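First comes the structure, then the notes that go with it.
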Amino acid sequence: MRTHLASALLSLSLIAAPLALHAQAAVMPNAVPAQKQRVEGVVESIGYAKAIQVGNTIYVSGAVAGGATMEEQVRRIYERLAVTLGRFGATLADVVKETAYTTDMGALKAANPARRAAYGAHSPAATWVQISRLYMESAKVEIEVTAVVRSGR
């Protein structure tokens, strides 16, 4: 009896495992196994990646830059973001979402020409949030982006 029960349970588990994987794939159709990820510049002291690519999506951690004015910092940040995206074969034109954290919303609004110059005619979805301070104390803004590399590149 135990042998039959064990065989039945084994058969059920052999059937259930592929079904569970199929259900997971249906919920996450674009999921990419961990070994398919590309990571750029791990910062060991804090424990994060500057950027990570999963499938055709690139997630870039918040970037900051020095500069006396908000506009100067924003311009330099977009230059850094462009370099990071370039390492994955992407450009600022591939950015679909941007989040900016700032200590001075008025200055960030005034620096919007630098943002428009970086993106050109492209307009990604964006969120701007005012906060009390950033990790780098002299920073007035930190910008993170998500980009999707178009197929065929």
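Lettering and numbering for the structure tokens are positional, with chains as A, B, ... in the shown order, residues counted from 1 in each chain, and ligands counted from 1 in the shown order.
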
Sorted per-residue table, stretch 79-143 of chain A near stretch 49-69 of chain A, closest atoms and distance, 9 Å, only C-alpha atoms, as JSON lines:
{"residue": "A:Arg80", "atom": "CA", "partner": "A:Ala63", "partner_atom": "CA", "distance": 7.4}
{"residue": "A:Leu81", "atom": "CA", "partner": "A:Ala63", "partner_atom": "CA", "distance": 7.2}
{"residue": "A:Thr84", "atom": "CA", "partner": "A:Ala51", "partner_atom": "CA", "distance": 7.4}
{"residue": "A:Leu85", "atom": "CA", "partner": "A:Ile58", "partner_atom": "CA", "distance": 7.8}
{"residue": "A:Phe88", "atom": "CA", "partner": "A:Gln53", "partner_atom": "CA", "distance": 7.7}
{"residue": "A:Ala90", "atom": "CA", "partner": "A:Ile58", "partner_atom": "CA", "distance": 8.6}
{"residue": "A:Val95", "atom": "CA", "partner": "A:Ile58", "partner_atom": "CA", "distance": 8.8}
{"residue": "A:Thr99", "atom": "CA", "partner": "A:Gly62", "partner_atom": "CA", "distance": 8.4}
{"residue": "A:Ala100", "atom": "CA", "partner": "A:Gly62", "partner_atom": "CA", "distance": 8.2}
{"residue": "A:Tyr101", "atom": "CA", "partner": "A:Gly62", "partner_atom": "CA", "distance": 8.7}
{"residue": "A:Ala107", "atom": "CA", "partner": "A:Thr69", "partner_atom": "CA", "distance": 8.5}
{"residue": "A:Ala111", "atom": "CA", "partner": "A:Thr69", "partner_atom": "CA", "distance": 8.8}
{"residue": "A:Met136", "atom": "CA", "partner": "A:Val64", "partner_atom": "CA", "distance": 7.7}
{"residue": "A:Ser138", "atom": "CA", "partner": "A:Gly66", "partner_atom": "CA", "distance": 7.2}
{"residue": "A:Ala139", "atom": "CA", "partner": "A:Val64", "partner_atom": "CA", "distance": 6.4}
{"residue": "A:Lys140", "atom": "CA", "partner": "A:Thr69", "partner_atom": "CA", "distance": 8.3}
{"residue": "A:Val141", "atom": "CA", "partner": "A:Val64", "partner_atom": "CA", "distance": 6.5}
{"residue": "A:Glu142", "atom": "CA", "partner": "A:Val64", "partner_atom": "CA", "distance": 4.9}
{"residue": "A:Ile143", "atom": "CA", "partner": "A:Gly62", "partner_atom": "CA", "distance": 4.8}

Query raised in the report: DSSP on the backbone: what in stretch 39-148 of chain A comes out helix (DSSP H, G or I), as number ranges by chain?
Result: A: 70-86, 92-94, 105-110, 112-119

Could you dump the residues just selected with N, CA and C atoms as a short mmCIF file (atom, residue, chain, number, x, y, z; two decimals), in the first residue's frame?
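The resulting selection-v8.cif:
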data_model
loop_
_atom_site.label_atom_id
_atom_site.label_comp_id
_atom_site.auth_asym_id
_atom_site.auth_seq_id
_atom_site.Cartn_x
_atom_site.Cartn_y
_atom_site.Cartn_z
N MET A 70 21.85 73.58 -10.14
CA MET A 70 21.00 72.44 -10.47
C MET A 70 21.14 72.09 -11.95
N GLU A 71 21.16 73.09 -12.81
CA GLU A 71 21.25 72.83 -14.25
C GLU A 71 22.55 72.10 -14.59
N GLU A 72 23.64 72.52 -13.97
CA GLU A 72 24.92 71.86 -14.22
C GLU A 72 24.88 70.40 -13.75
N GLN A 73 24.30 70.16 -12.57
CA GLN A 73 24.19 68.79 -12.07
C GLN A 73 23.32 67.94 -12.99
N VAL A 74 22.18 68.49 -13.43
CA VAL A 74 21.27 67.76 -14.31
C VAL A 74 21.97 67.40 -15.62
N ARG A 75 22.65 68.35 -16.21
CA ARG A 75 23.36 68.11 -17.47
C ARG A 75 24.39 66.99 -17.31
N ARG A 76 25.17 67.05 -16.24
CA ARG A 76 26.19 66.03 -16.00
C ARG A 76 25.57 64.66 -15.71
N ILE A 77 24.43 64.64 -15.02
CA ILE A 77 23.76 63.37 -14.74
C ILE A 77 23.33 62.71 -16.03
N TYR A 78 22.73 63.48 -16.94
CA TYR A 78 22.31 62.88 -18.22
C TYR A 78 23.50 62.40 -19.03
N GLU A 79 24.64 63.08 -18.92
CA GLU A 79 25.85 62.60 -19.59
C GLU A 79 26.26 61.24 -19.02
N ARG A 80 26.20 61.10 -17.70
CA ARG A 80 26.55 59.83 -17.05
C ARG A 80 25.55 58.73 -17.41
N LEU A 81 24.27 59.08 -17.40
CA LEU A 81 23.25 58.10 -17.76
C LEU A 81 23.45 57.62 -19.19
N ALA A 82 23.79 58.53 -20.10
CA ALA A 82 24.02 58.16 -21.50
C ALA A 82 25.19 57.18 -21.62
N VAL A 83 26.25 57.40 -20.86
CA VAL A 83 27.40 56.50 -20.88
C VAL A 83 26.99 55.12 -20.35
N THR A 84 26.29 55.09 -19.23
CA THR A 84 25.86 53.81 -18.65
C THR A 84 24.95 53.05 -19.61
N LEU A 85 23.97 53.73 -20.18
CA LEU A 85 23.06 53.08 -21.13
C LEU A 85 23.83 52.58 -22.35
N GLY A 86 24.82 53.35 -22.79
CA GLY A 86 25.63 52.96 -23.94
C GLY A 86 26.35 51.63 -23.73
N LEU A 92 19.58 57.46 -24.44
CA LEU A 92 18.51 58.14 -23.71
C LEU A 92 17.18 58.04 -24.46
N ALA A 93 17.22 57.83 -25.76
CA ALA A 93 15.98 57.66 -26.54
C ALA A 93 15.25 56.37 -26.17
N ASP A 94 15.95 55.43 -25.50
CA ASP A 94 15.33 54.18 -25.07
C ASP A 94 14.71 54.27 -23.69
N MET A 105 12.59 71.62 -5.67
CA MET A 105 11.72 71.43 -6.83
C MET A 105 11.75 72.65 -7.76
N GLY A 106 11.81 73.85 -7.21
CA GLY A 106 11.85 75.06 -8.04
C GLY A 106 13.08 75.09 -8.93
N ALA A 107 14.24 74.74 -8.37
CA ALA A 107 15.48 74.72 -9.16
C ALA A 107 15.44 73.61 -10.20
N LEU A 108 14.82 72.48 -9.87
CA LEU A 108 14.73 71.40 -10.86
C LEU A 108 13.84 71.81 -12.02
N LYS A 109 12.74 72.48 -11.71
CA LYS A 109 11.87 72.98 -12.79
C LYS A 109 12.63 73.97 -13.67
N ALA A 110 13.43 74.83 -13.05
CA ALA A 110 14.20 75.81 -13.81
C ALA A 110 15.28 75.14 -14.67
N ASN A 112 14.89 72.40 -16.28
CA ASN A 112 14.24 71.53 -17.26
C ASN A 112 14.80 71.68 -18.68
N PRO A 113 15.33 72.85 -19.09
CA PRO A 113 15.95 72.91 -20.42
C PRO A 113 17.09 71.91 -20.60
N ALA A 114 17.85 71.64 -19.55
CA ALA A 114 18.94 70.65 -19.64
C ALA A 114 18.35 69.26 -19.86
N ARG A 115 17.22 68.97 -19.21
CA ARG A 115 16.54 67.69 -19.40
C ARG A 115 16.03 67.56 -20.83
N ARG A 116 15.39 68.61 -21.31
CA ARG A 116 14.85 68.58 -22.67
C ARG A 116 15.98 68.43 -23.70
N ALA A 117 17.11 69.07 -23.45
CA ALA A 117 18.26 68.95 -24.37
C ALA A 117 18.77 67.51 -24.39
N ALA A 118 18.77 66.85 -23.24
CA ALA A 118 19.26 65.47 -23.16
C ALA A 118 18.34 64.51 -23.93
N TYR A 119 17.04 64.69 -23.80
CA TYR A 119 16.09 63.78 -24.44
C TYR A 119 15.70 64.19 -25.85
#

Requested in this report: Report the residues of stretch 46-127 of chain A whose backbone DSSP state falls under strand (DSSP E), written as an MDAnalysis selection string.
Outcome: chainID A and resid 48:54 57:63 95:102 125:127

Query raised in the report: If we count only C-alpha atoms, what is near A:Ile131 at a cut-off of 8 Å, once residues fewer than 3 positions away on the same chain are taken out, given as a PyMOL selection string?
Result: chain A and resi 101-103+134

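Of note, atom CA of A:Val149 and atom CA of A:Pro124 are spaced 13.6 Å apart.
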